[in-house]
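The structure appears right after this line, and notes come after that.
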Amino acid sequence: MDDKDYLEEVEVEETKEQKDEDDKGNDYEDVCFLCHRPESKTGKLITLAKGICICPECMQKTMDTFQNGSQDFSKIPGFSFINLADLQNMIPQRQKVKKKKPKEEKQKEELDIRSIPAPHKIKASLDEYVIGQEHAKKVMSVAVYNHYKRVATGTQDEIEIEKSNMLMIGPTGSGKTYLVKTLARLLDVPLAIADATSLTEAGYIGDDIESVLSKLLAAADNDVEKAERGIVFIDEIDKIAKKKDTHHRDVSGESVQQGMLKLLEGAEIEVPVGANSKNAMVPLTTINTRNILFICGGAFPELEAVIKERLNKKSSMGFHADLKDKYDKDPNLLSKVTVEDLRNFGMIPEFLGRMPIVFTLESLTKDMLVRILKEPRNAILKQYQKLLALDEVELTFNEGALEAIADKAMEKDTGARALRAIIEEFMLDIMYEIPKDDNIGRVTITREYIEHTGGPLITMRGVLMLEGQG
């Protein structure tokens with residue numbers, strides 16, 4: 001190959017690479033540097049140095065301000081937020097938004113109703129990961145199935161199906177977040193998990209309510225169409241209950257509930273791309289929340305007292321009267337919750353009205369904790385067995401050890417979260433000592449070792465070989 005042919009081949013390769021970059025760039029549209037609106041909303045943008053673009057409206061306002069001789073620079077949109085030092089270093093790619101696909105392409109990617117798994121299949125998949133909570137899994141399976149049927153069918157006739165947002169109530173460590181994570185993984189849809197404790201009313205320090213949609217958009221790789229079919233899980237929802245103290249402005253309680261109403265029902269919301277605040281120097285895009293499924297969860301720690309107070313009103317005097325302490329030791333008192341109890345707790349009626357499905361999770365019993373240790377597909381014990389198997393060591397637990405771990409977890413009263421803390425404690429020495437001796441073939445964890453009255457049973461490789469031959 002001569003030099004001429006080589007140069008021609010290099011030029012062809014560079015042309016292909018340039019074409020790929022151009023095609024990739026065509027998926028994004030430029031955004032006005034001042035008002036952060038994309039080109040599809042502002043019209044043709046004016047490109048300045050360093051790849052910075054300004055829309056005609058902002059340019060006209062800027063020119064009018066200078067021509068009128070006004071010294072009030074606040075009239076220039078976004079002027080107060082510009083830092084000239086940052087302007088030189090700004091990457092133009094960060095000031096771009098992914099284009100919305102044409103309608104003909106959109107229809108190809110719409111959900112197929114036949115591809116949505118039936119409720120019993122969704123529940124069977126959840127059973128592989130979550131122990132117990134049969135009622136909660138059944139409710140979630142039906143609600144999610146109906147929701148995505150609604151998204152897939154759209155408005156095919158005059159009957160419009162309403163959205164089925166969910167409110168799950170359960171003690172800490174009962175599996176609320178884990179259920180939602182597993183569900184989103186099985187359905188392969190974008191999932192955003194937000195914490196209600198950081199949300200505040202617009203204008204105050206903290207995250208705006210729209211920040212939950214920013215997280216969903218990030219989970220969908222800034223693809224608006226994909227995000228509009230996602231799931232948003234808002235945890236610690238009980239922390240935005242109406243405060244009892246009425247002397248101060250409730251910026252993180254009732255105000256947040258009121259701000260969430262339009263999100264839950266369905267509305268066009270302007271969302272910052274890649275930030276939690278609209279004041280950040282980032283582009284804005286519009287998300288329709290009509291087809292986004294909202295699941296709210298919380299432990300509601302004081303709710304049991306509210307339920308108990310309502311139930312005790314029925315008690316009276318006489319032989320057949322209910323005792324005042326009848327419900328003091330009821331482990332599943334939360335299952336008796338009503339909408340009136342939630343209102344007394346501090347949730348406003350408008351918020352509860354947009355959560356048509358309310359269900360509770362059971363407190364974990366000792367038997368359930370033992371099953372959680374060994375039965376799920378990614379159970380804690382299976383994880384440690386895998387770790388030691390990489391060192392060619394077999395790890396086993398006898399039934400007494402499992403029961404002892406469950407007893408310790410019940411004492412901590414933090415649900416399944418206590419299991420890992422307990423196992424990490426007694427597995428520390430084993431994980432430290434085992435790699436020292438290559439002759440160890442099996443480690444058996446006993447009740448005595450868990451209760452600190454004995455040690456684990458160590459079996460050498462030679463003994464294992466004799467057992468195998470026998």
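By order in the structure tokens, chains are A, B, ...; within a chain, residues start at 1; ligands start at 1, following the order shown.
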Which residues are close to Gly259 of chain A, i.e. within 10 Å by only C-alpha atoms, leaving aside same-chain residues fewer than 6 positions away? Reply as a PDB file with all heavy atoms, in the first residue's frame.
```pdb
ATOM      1  N   THR A 200     -38.544  20.472  50.902  1.00  0.00           N
ATOM      2  CA  THR A 200     -39.095  21.668  51.540  1.00  0.00           C
ATOM      3  C   THR A 200     -39.923  22.429  50.516  1.00  0.00           C
ATOM      4  O   THR A 200     -39.851  22.166  49.309  1.00  0.00           O
ATOM      5  CB  THR A 200     -37.990  22.599  52.077  1.00  0.00           C
ATOM      6  OG1 THR A 200     -37.115  22.948  50.998  1.00  0.00           O
ATOM      7  CG2 THR A 200     -37.211  21.954  53.190  1.00  0.00           C
ATOM      8  N   GLU A 201     -40.678  23.388  51.017  1.00  0.00           N
ATOM      9  CA  GLU A 201     -41.452  24.256  50.134  1.00  0.00           C
ATOM     10  C   GLU A 201     -40.506  25.057  49.247  1.00  0.00           C
ATOM     11  O   GLU A 201     -39.378  25.371  49.638  1.00  0.00           O
ATOM     12  CB  GLU A 201     -42.300  25.195  51.000  1.00  0.00           C
ATOM     13  CG  GLU A 201     -43.300  26.026  50.217  1.00  0.00           C
ATOM     14  CD  GLU A 201     -44.097  26.946  51.139  1.00  0.00           C
ATOM     15  OE1 GLU A 201     -43.949  26.835  52.374  1.00  0.00           O
ATOM     16  OE2 GLU A 201     -44.853  27.769  50.612  1.00  0.00           O
ATOM     17  N   ALA A 202     -40.942  25.387  48.031  1.00  0.00           N
ATOM     18  CA  ALA A 202     -40.110  26.140  47.090  1.00  0.00           C
ATOM     19  C   ALA A 202     -39.681  27.470  47.708  1.00  0.00           C
ATOM     20  O   ALA A 202     -40.482  28.187  48.307  1.00  0.00           O
ATOM     21  CB  ALA A 202     -40.887  26.391  45.799  1.00  0.00           C
ATOM     22  N   ASP A 208     -36.333  21.036  46.283  1.00  0.00           N
ATOM     23  CA  ASP A 208     -37.685  21.306  45.814  1.00  0.00           C
ATOM     24  C   ASP A 208     -38.393  19.993  45.532  1.00  0.00           C
ATOM     25  O   ASP A 208     -37.753  18.948  45.332  1.00  0.00           O
ATOM     26  CB  ASP A 208     -37.660  22.160  44.539  1.00  0.00           C
ATOM     27  CG  ASP A 208     -37.185  23.579  44.812  1.00  0.00           C
ATOM     28  OD1 ASP A 208     -37.204  23.966  46.000  1.00  0.00           O
ATOM     29  OD2 ASP A 208     -36.798  24.271  43.866  1.00  0.00           O
ATOM     30  N   ILE A 209     -39.723  20.046  45.461  1.00  0.00           N
ATOM     31  CA  ILE A 209     -40.500  18.826  45.246  1.00  0.00           C
ATOM     32  C   ILE A 209     -40.186  18.222  43.879  1.00  0.00           C
ATOM     33  O   ILE A 209     -40.211  17.007  43.704  1.00  0.00           O
ATOM     34  CB  ILE A 209     -42.003  19.142  45.399  1.00  0.00           C
ATOM     35  CG1 ILE A 209     -42.314  19.454  46.879  1.00  0.00           C
ATOM     36  CG2 ILE A 209     -42.871  17.977  44.973  1.00  0.00           C
ATOM     37  CD1 ILE A 209     -43.140  20.633  47.120  1.00  0.00           C
ATOM     38  N   GLU A 210     -39.842  19.077  42.895  1.00  0.00           N
ATOM     39  CA  GLU A 210     -39.534  18.580  41.548  1.00  0.00           C
ATOM     40  C   GLU A 210     -38.251  17.754  41.515  1.00  0.00           C
ATOM     41  O   GLU A 210     -37.969  17.095  40.513  1.00  0.00           O
ATOM     42  CB  GLU A 210     -39.415  19.750  40.558  1.00  0.00           C
ATOM     43  CG  GLU A 210     -40.709  20.452  40.256  1.00  0.00           C
ATOM     44  CD  GLU A 210     -41.063  21.508  41.288  1.00  0.00           C
ATOM     45  OE1 GLU A 210     -40.241  21.699  42.225  1.00  0.00           O
ATOM     46  OE2 GLU A 210     -42.136  22.126  41.176  1.00  0.00           O
ATOM     47  N   PHE A 351     -54.010  14.871  50.010  1.00  0.00           N
ATOM     48  CA  PHE A 351     -52.907  13.946  49.739  1.00  0.00           C
ATOM     49  C   PHE A 351     -53.405  12.502  49.774  1.00  0.00           C
ATOM     50  O   PHE A 351     -53.100  11.706  48.884  1.00  0.00           O
ATOM     51  CB  PHE A 351     -51.796  14.162  50.770  1.00  0.00           C
ATOM     52  CG  PHE A 351     -50.600  13.263  50.594  1.00  0.00           C
ATOM     53  CD1 PHE A 351     -49.584  13.602  49.717  1.00  0.00           C
ATOM     54  CD2 PHE A 351     -50.493  12.078  51.309  1.00  0.00           C
ATOM     55  CE1 PHE A 351     -48.490  12.773  49.549  1.00  0.00           C
ATOM     56  CE2 PHE A 351     -49.402  11.250  51.142  1.00  0.00           C
ATOM     57  CZ  PHE A 351     -48.396  11.602  50.267  1.00  0.00           C
TER      58      PHE A 351
END
```
If DSSP is run on the backbone, what residues of segment 145-294 of chain A are helix (DSSP H, G or I)? A reply as a ChimeraX atom specification would be ideal.
/A:145-153,176-187,196-198,211-219,224-227,237-240,254-265,289-291
Show me, as JSON, numbers by chain, the residues that have an atom within 12 Å of Leu186 of chain A when counting only C-alpha atoms, minus same-chain residues fewer than 3 positions from it.
{"A": [116, 117, 121, 122, 123, 124, 125, 126, 127, 128, 129, 141, 144, 179, 180, 181, 182, 183, 189, 190, 191]}
Just list the residues in segment 393-453 of chain A DSSP gives strand (DSSP E or B) on the backbone, as a list of chain:residue names.
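Strand (DSSP E or B) assignments inside segment 393-453 of chain A correspond to A:Glu394, A:Leu395, A:Thr396, A:Phe397, A:Ile440, A:Gly441, A:Arg442, A:Val443, A:Thr444, A:Ile445.
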Using only C-alpha atoms, determine which residues lie at most 8 Å from Leu373 of chain A, disregarding the query and same-chain residues fewer than 6 positions distant; provide the list as JSON, numbers by chain.
{"A": [379, 380, 381, 402, 419]}
Between A:Thr289, A:Arg249, A:Ile357, A:Glu362, which has the minimum distance to Ser335 of chain A (counting only C-alpha atoms)?
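Among A:Thr289, A:Arg249, A:Ile357, A:Glu362, it is A:Glu362 that comes nearest to Ser335 of chain A.
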Selection near Leu199 of chain A, 7 Å with only C-alpha atoms, sequence-local residues under 3 positions removed, as a short mmCIF file (atom, residue, chain, number, x, y, z; two decimals) with all heavy atoms, in the first residue's frame:
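out15.cif, written as the output of this step:
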```cif
data_model
loop_
_atom_site.label_atom_id
_atom_site.label_comp_id
_atom_site.auth_asym_id
_atom_site.auth_seq_id
_atom_site.Cartn_x
_atom_site.Cartn_y
_atom_site.Cartn_z
N ALA A 196 -38.30 11.87 51.68
CA ALA A 196 -39.18 13.02 51.93
C ALA A 196 -38.61 13.97 52.98
O ALA A 196 -39.02 15.12 53.05
CB ALA A 196 -40.55 12.52 52.37
N GLY A 206 -33.17 23.38 51.03
CA GLY A 206 -33.58 21.99 50.90
C GLY A 206 -33.93 21.70 49.46
O GLY A 206 -33.81 22.55 48.58
N ASP A 207 -34.36 20.49 49.18
CA ASP A 207 -34.71 20.10 47.81
C ASP A 207 -36.14 20.51 47.49
O ASP A 207 -37.04 20.34 48.31
CB ASP A 207 -34.57 18.58 47.64
CG ASP A 207 -33.11 18.13 47.72
OD1 ASP A 207 -32.23 18.99 47.52
OD2 ASP A 207 -32.87 16.94 47.96
N ASP A 208 -36.33 21.04 46.28
CA ASP A 208 -37.69 21.31 45.81
C ASP A 208 -38.39 19.99 45.53
O ASP A 208 -37.75 18.95 45.33
CB ASP A 208 -37.66 22.16 44.54
CG ASP A 208 -37.18 23.58 44.81
OD1 ASP A 208 -37.20 23.97 46.00
OD2 ASP A 208 -36.80 24.27 43.87
N ILE A 209 -39.72 20.05 45.46
CA ILE A 209 -40.50 18.83 45.25
C ILE A 209 -40.19 18.22 43.88
O ILE A 209 -40.21 17.01 43.70
CB ILE A 209 -42.00 19.14 45.40
CG1 ILE A 209 -42.31 19.45 46.88
CG2 ILE A 209 -42.87 17.98 44.97
CD1 ILE A 209 -43.14 20.63 47.12
N SER A 252 -41.66 22.12 55.80
CA SER A 252 -41.28 20.75 55.44
C SER A 252 -42.37 19.74 55.79
O SER A 252 -42.12 18.54 55.76
CB SER A 252 -39.98 20.36 56.17
OG SER A 252 -40.18 20.40 57.58
N VAL A 256 -45.19 20.66 51.92
CA VAL A 256 -44.67 19.66 50.98
C VAL A 256 -45.80 18.77 50.48
O VAL A 256 -45.85 18.43 49.29
CB VAL A 256 -43.56 18.83 51.65
CG1 VAL A 256 -43.08 17.72 50.73
CG2 VAL A 256 -42.39 19.72 52.05
#
```
